[in-house]
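Dropping input39.txt in here (compact mmCIF, C-alpha atoms):
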# COMPACT_ATOMS: atom_id res chain seq x y z
CA MET A 9 0.00 0.00 0.00
CA LEU A 10 1.18 3.49 -0.77
CA ASP A 11 1.32 6.21 1.88
CA GLU A 12 -1.72 7.90 0.31
CA GLU A 13 -3.81 4.73 0.64
CA LEU A 14 -2.56 4.22 4.17
CA GLN A 15 -3.44 7.81 5.07
CA ARG A 16 -7.00 7.35 3.80
CA GLY A 17 -7.25 4.13 5.80
CA ILE A 18 -5.93 5.90 8.91
CA GLN A 19 -8.43 8.75 8.54
CA ARG A 20 -11.29 6.22 8.16
CA HIS A 21 -10.07 4.10 11.11
CA ASN A 22 -9.80 1.11 8.82
CA PRO A 23 -8.62 -1.83 11.00
CA ARG A 24 -6.97 -3.48 7.99
CA THR A 25 -4.82 -0.38 7.46
CA PHE A 26 -3.60 -0.61 11.03
CA GLU A 27 -2.84 -4.31 10.62
CA ILE A 28 -0.72 -3.42 7.59
CA LEU A 29 1.05 -0.64 9.51
CA ILE A 30 1.75 -2.94 12.44
CA ASP A 31 3.11 -5.69 10.17
CA LYS A 32 5.19 -3.22 8.21
CA TYR A 33 6.64 -1.05 10.98
CA SER A 34 6.65 -3.02 14.26
CA LYS A 35 10.30 -4.13 13.99
CA LEU A 36 11.47 -0.67 13.00
CA LEU A 37 9.62 0.92 15.92
CA TRP A 38 11.02 -1.77 18.22
CA PHE A 39 14.56 -0.68 17.24
CA VAL A 40 13.68 2.99 17.75
CA ALA A 41 12.22 2.36 21.22
CA SER A 42 15.01 -0.01 22.25
CA GLY A 43 17.61 2.53 21.19
CA VAL A 44 16.18 5.00 23.68
CA LEU A 45 15.30 2.51 26.42
CA LYS A 46 18.29 0.16 26.17
CA LYS A 47 19.91 1.24 29.42
CA VAL A 48 16.87 1.79 31.63
CA GLY A 49 13.90 -0.06 30.19
CA SER A 50 12.73 -3.63 29.93
CA VAL A 51 11.38 -5.58 26.98
CA GLU A 52 7.89 -4.81 28.27
CA ASP A 53 8.68 -1.08 28.26
CA ILE A 54 9.78 -1.32 24.63
CA GLU A 55 6.65 -3.26 23.69
CA ASP A 56 4.52 -0.66 25.49
CA CYS A 57 6.12 2.17 23.51
CA VAL A 58 5.51 0.44 20.20
CA ALA A 59 1.89 -0.37 21.11
CA GLU A 60 1.29 3.16 22.41
CA SER A 61 2.62 4.61 19.15
CA PHE A 62 0.14 2.66 17.05
CA ALA A 63 -2.65 3.46 19.54
CA TYR A 64 -1.77 7.15 19.35
CA LEU A 65 -2.07 7.10 15.57
CA TRP A 66 -5.40 5.25 15.85
CA GLU A 67 -6.77 7.75 18.40
CA HIS A 68 -5.36 10.87 16.73
CA PRO A 69 -5.27 10.27 12.96
CA GLU A 70 -5.60 14.00 12.35
CA LYS A 71 -2.13 14.57 13.86
CA TYR A 72 -0.44 12.81 10.94
CA ASP A 73 0.20 15.24 8.08
CA LYS A 74 1.62 13.68 4.93
CA ARG A 75 3.11 17.03 3.88
CA ARG A 76 5.47 16.89 6.86
CA GLY A 77 6.79 13.40 6.15
CA SER A 78 6.00 9.76 5.56
CA ILE A 79 3.95 7.57 7.86
CA ARG A 80 7.17 5.70 8.61
CA SER A 81 8.97 8.82 9.83
CA TYR A 82 5.90 9.99 11.76
CA LEU A 83 5.62 6.64 13.60
CA CYS A 84 9.35 6.71 14.37
CA LEU A 85 9.02 10.22 15.81
CA VAL A 86 5.99 9.23 17.93
CA THR A 87 7.79 6.11 19.17
CA LYS A 88 10.92 8.03 20.09
CA SER A 89 8.80 10.55 21.97
CA LYS A 90 6.93 7.78 23.82
CA ALA A 91 10.24 6.09 24.69
CA ILE A 92 11.72 9.34 26.04
CA ASP A 93 8.59 9.81 28.17
CA LYS A 94 8.99 6.23 29.43
CA VAL A 95 12.65 6.88 30.35
CA ARG A 96 11.61 9.96 32.34
CA LYS A 97 8.91 7.96 34.12
CA ILE A 98 11.31 5.10 34.91
CA ASN A 99 13.95 7.51 36.21
CA ARG A 100 11.39 9.21 38.48
CA THR A 101 10.10 5.94 39.93
CA THR A 102 13.43 4.16 40.32
CA ALA A 103 15.57 6.96 41.71
CA LEU A 104 17.30 5.71 44.84
CA SER A 105 17.78 7.82 47.90
CA TYR A 106 21.33 8.23 49.18
CA ASP A 107 20.66 5.78 52.01
CA ASP A 108 19.27 3.18 49.58
CA GLU A 109 22.37 3.48 47.42
CA LEU A 110 24.58 2.75 50.42
CA LYS A 111 22.66 -0.46 51.08
CA ILE A 112 23.60 -2.01 47.73
CA LYS A 113 26.00 -4.83 48.38
CA THR A 114 29.56 -4.46 47.18
CA ASP A 115 29.45 -7.96 45.66
CA ASP A 116 26.44 -6.99 43.55
CA MET A 117 28.23 -3.90 42.27
CA GLU A 118 31.33 -5.90 41.43
CA GLU A 119 29.23 -8.43 39.52
CA ILE A 120 27.48 -5.66 37.60
CA LEU A 121 30.82 -4.08 36.70
CA VAL A 122 32.32 -7.40 35.61
CA ASN A 123 29.27 -8.14 33.44
CA LYS A 124 29.48 -4.69 31.83
CA GLN A 125 33.19 -5.20 31.20
CA ILE A 126 32.55 -8.58 29.57
CA ILE A 127 29.83 -7.13 27.35
CA ASN A 128 32.14 -4.26 26.36
CA GLU A 129 34.94 -6.70 25.50
CA ILE A 130 32.59 -8.82 23.38
CA TYR A 131 31.36 -5.69 21.61
CA LYS A 132 34.96 -4.61 20.92
CA PHE A 133 35.64 -8.10 19.55
CA ALA A 134 32.58 -7.82 17.27
CA LYS A 135 33.64 -4.39 16.00
CA ASN A 136 37.06 -5.81 15.02
CA LEU A 137 35.54 -8.48 12.77
CA LYS A 138 35.13 -7.94 9.03
CA GLU A 139 32.27 -5.53 8.35
CA LEU A 140 29.65 -8.13 7.37
CA ASP A 141 30.73 -10.54 10.12
CA SER A 142 30.56 -7.74 12.67
CA GLU A 143 27.09 -6.67 11.58
CA ILE A 144 25.80 -10.24 11.71
CA PHE A 145 27.35 -10.85 15.15
CA ILE A 146 25.90 -7.64 16.60
CA LEU A 147 22.45 -8.21 15.10
CA ARG A 148 22.37 -11.74 16.50
CA TYR A 149 23.83 -11.30 19.96
CA PHE A 150 23.12 -7.67 20.82
CA TYR A 151 19.80 -7.13 19.00
CA GLN A 152 18.85 -10.80 19.32
CA LEU A 153 17.55 -11.15 15.78
CA LYS A 154 17.04 -14.66 14.47
CA PRO A 155 19.30 -15.87 11.63
CA ARG A 156 16.34 -15.72 9.20
CA GLU A 157 15.70 -12.07 10.13
CA ILE A 158 19.39 -11.23 9.71
CA ALA A 159 19.51 -12.97 6.34
CA ASP A 160 16.45 -11.05 5.15
CA LYS A 161 17.82 -7.75 6.46
CA LEU A 162 21.24 -8.21 4.82
CA ASN A 163 20.03 -9.97 1.66
CA ILE A 164 22.14 -13.07 2.25
CA THR A 165 21.30 -16.71 2.90
CA VAL A 166 20.52 -18.14 6.32
CA LYS A 167 23.34 -20.63 5.77
CA GLU A 168 25.81 -17.78 5.26
CA VAL A 169 24.57 -16.12 8.46
CA SER A 170 24.96 -19.41 10.37
CA ASN A 171 28.45 -20.00 8.99
CA LYS A 172 29.64 -16.50 9.84
CA LEU A 173 28.21 -16.79 13.35
CA TYR A 174 29.91 -20.14 13.84
CA TYR A 175 33.33 -18.83 12.83
CA SER A 176 32.89 -15.61 14.81
CA LYS A 177 32.00 -17.57 17.97
CA LYS A 178 34.93 -19.89 17.37
CA SER A 179 37.25 -16.90 17.04
CA LEU A 180 35.82 -15.36 20.22
CA LEU A 181 36.37 -18.58 22.16
CA THR A 182 39.94 -18.77 20.89
CA GLN A 183 40.60 -15.22 22.11
CA ILE A 184 39.05 -15.94 25.51
CA LYS A 185 41.27 -18.98 26.03
CA LEU A 186 44.40 -16.91 25.38

Go through the file and emit its structure as structure tokens.
Amino acid sequence: MLDEELQRGIQRHNPRTFEILIDKYSKLLWFVASGVLKKVGSVEDIEDCVAESFAYLWEHPEKYDKRRGSIRSYLCLVTKSKAIDKVRKINRTTALSYDDELKIKTDDMEEILVNKQIINEIYKFAKNLKELDSEIFILRYFYQLKPREIADKLNITVKEVSNKLYYSKKSLLTQIKL
């Protein structure tokens, strides 16, 4: 469907139009929301942002103006805004008092720091791979896309994705053992 057809469907509250929008843009909006919420939000927070974005369009179709941009860019903007609002809400509700911060166990903090360091080292490893290998590794293990999704996104075969992941993991294990 073209943007013009989608806009007419949005204005008429056509449920089929919204099904098409959800099928077409859910993954994109997921990436937008997760980019904002990655450090403070949960998977549920990301899902909420995506759902709220589609609900906002459904409830306020008049807010979308095709002269200002595509439906895709409008939904991305709404999602980013919803995610920023969610971050503010999370930060307000999870702020620790000074006394609460002192009660956090030292062991827990050390574990958190070690885990962050390991993740950073794995990310550095991934960035040092060949460009395609790096992209595949990051999409699989940091964005948790399935091999089929990666293959579709990069226009390569699932077998090629699997092979590159296998050799990248093997290389990582070799480096860890050193």

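Taking only C-alpha atoms into account, Tyr131 in chain A lies nearest to A:Leu180 out of the set A:Leu180, A:Cys84, A:Ile164, A:Ala59.
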
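Here the question is which of A:Arg75, A:Lys132, A:His21, A:Arg80 gets nearest to Ser34 in chain A using all atoms listed in the file, and that residue is A:Arg80.
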
Requested in this report: Identify, on the basis of all atoms listed in the file, every residue whose closest approach to Glu157 in chain A does not exceed 12 Å; exclude the query and any residue fewer than 2 positions from it along the same chain; express the result as a ChimeraX atom specification.
Outcome: /A:35,144,147-148,151-155,159-166,169-170

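In this comparison, which uses all atoms listed in the file, the residue of A:Ala41, A:Leu65, A:Val51, A:Leu140 approaching Gln15 in chain A most closely is A:Leu65.
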
Query - Residues within 12 Å of Val40 in chain A, only C-alpha atoms, excluding chain neighbours under 6 positions, as a list in words - result: Tyr33, Ser34, Lys46, Ile54, Glu55, Cys57, Val58, Ser61, Arg80, Ser81, Leu83, Cys84, Leu85, Val86, Thr87, Lys88, Ser89, Lys90, Ala91, Ile92 and Tyr151 of chain A

Can I get the selection written as a PDB file, in the coordinates of the input, with C-alpha atoms?
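out-v8.pdb, freshly written:
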ATOM      1  CA  TYR A  33       6.640  -1.050  10.980  1.00  0.00           C
ATOM      2  CA  SER A  34       6.650  -3.020  14.260  1.00  0.00           C
ATOM      3  CA  LYS A  46      18.290   0.160  26.170  1.00  0.00           C
ATOM      4  CA  ILE A  54       9.780  -1.320  24.630  1.00  0.00           C
ATOM      5  CA  GLU A  55       6.650  -3.260  23.690  1.00  0.00           C
ATOM      6  CA  CYS A  57       6.120   2.170  23.510  1.00  0.00           C
ATOM      7  CA  VAL A  58       5.510   0.440  20.200  1.00  0.00           C
ATOM      8  CA  SER A  61       2.620   4.610  19.150  1.00  0.00           C
ATOM      9  CA  ARG A  80       7.170   5.700   8.610  1.00  0.00           C
ATOM     10  CA  SER A  81       8.970   8.820   9.830  1.00  0.00           C
ATOM     11  CA  LEU A  83       5.620   6.640  13.600  1.00  0.00           C
ATOM     12  CA  CYS A  84       9.350   6.710  14.370  1.00  0.00           C
ATOM     13  CA  LEU A  85       9.020  10.220  15.810  1.00  0.00           C
ATOM     14  CA  VAL A  86       5.990   9.230  17.930  1.00  0.00           C
ATOM     15  CA  THR A  87       7.790   6.110  19.170  1.00  0.00           C
ATOM     16  CA  LYS A  88      10.920   8.030  20.090  1.00  0.00           C
ATOM     17  CA  SER A  89       8.800  10.550  21.970  1.00  0.00           C
ATOM     18  CA  LYS A  90       6.930   7.780  23.820  1.00  0.00           C
ATOM     19  CA  ALA A  91      10.240   6.090  24.690  1.00  0.00           C
ATOM     20  CA  ILE A  92      11.720   9.340  26.040  1.00  0.00           C
ATOM     21  CA  TYR A 151      19.800  -7.130  19.000  1.00  0.00           C
TER      22      TYR A 151
END

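Summary of the local environment: counting only C-alpha atoms, residues at most 12 Å from Glu70 in chain A, other than itself and those fewer than 4 positions away along its chain, are Gln15, Arg16, Gly17, Ile18, Gln19, Arg20, His21, Tyr64, Leu65, Trp66 and Lys74 of chain A.
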
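CA of Ile30 in chain A sits 16.8 Å away from CA of Ser42 in chain A.
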
Report task. Please indicate the distance in Å from CA of Glu60 in chain A to CA of Asp93 in chain A, rounded to one decimal place. Result -> 11.4 Å

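Counting all atoms listed in the file, the residue from A:Ile120, A:Leu37, A:Val48, A:Ile28 that sits nearest to Lys94 in chain A is A:Val48.
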
Report summary line: In Å and to one decimal, CA of Ile127 in chain A is distant from CA of Ile184 in chain A by 12.9 Å

Query raised in the report: Of the candidates A:Gly77, A:Asp11, A:Tyr72, A:Ser176, which shows the shortest atom-to-atom distance to Lys135 in chain A, using all atoms listed in the file?
Result: A:Ser176

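Of the residues under consideration (A:Arg100, A:Val44, A:Phe150, A:Ser142), A:Phe150 shows the shortest atom-to-atom contact distance to Asn128 in chain A when counting all atoms listed in the file.
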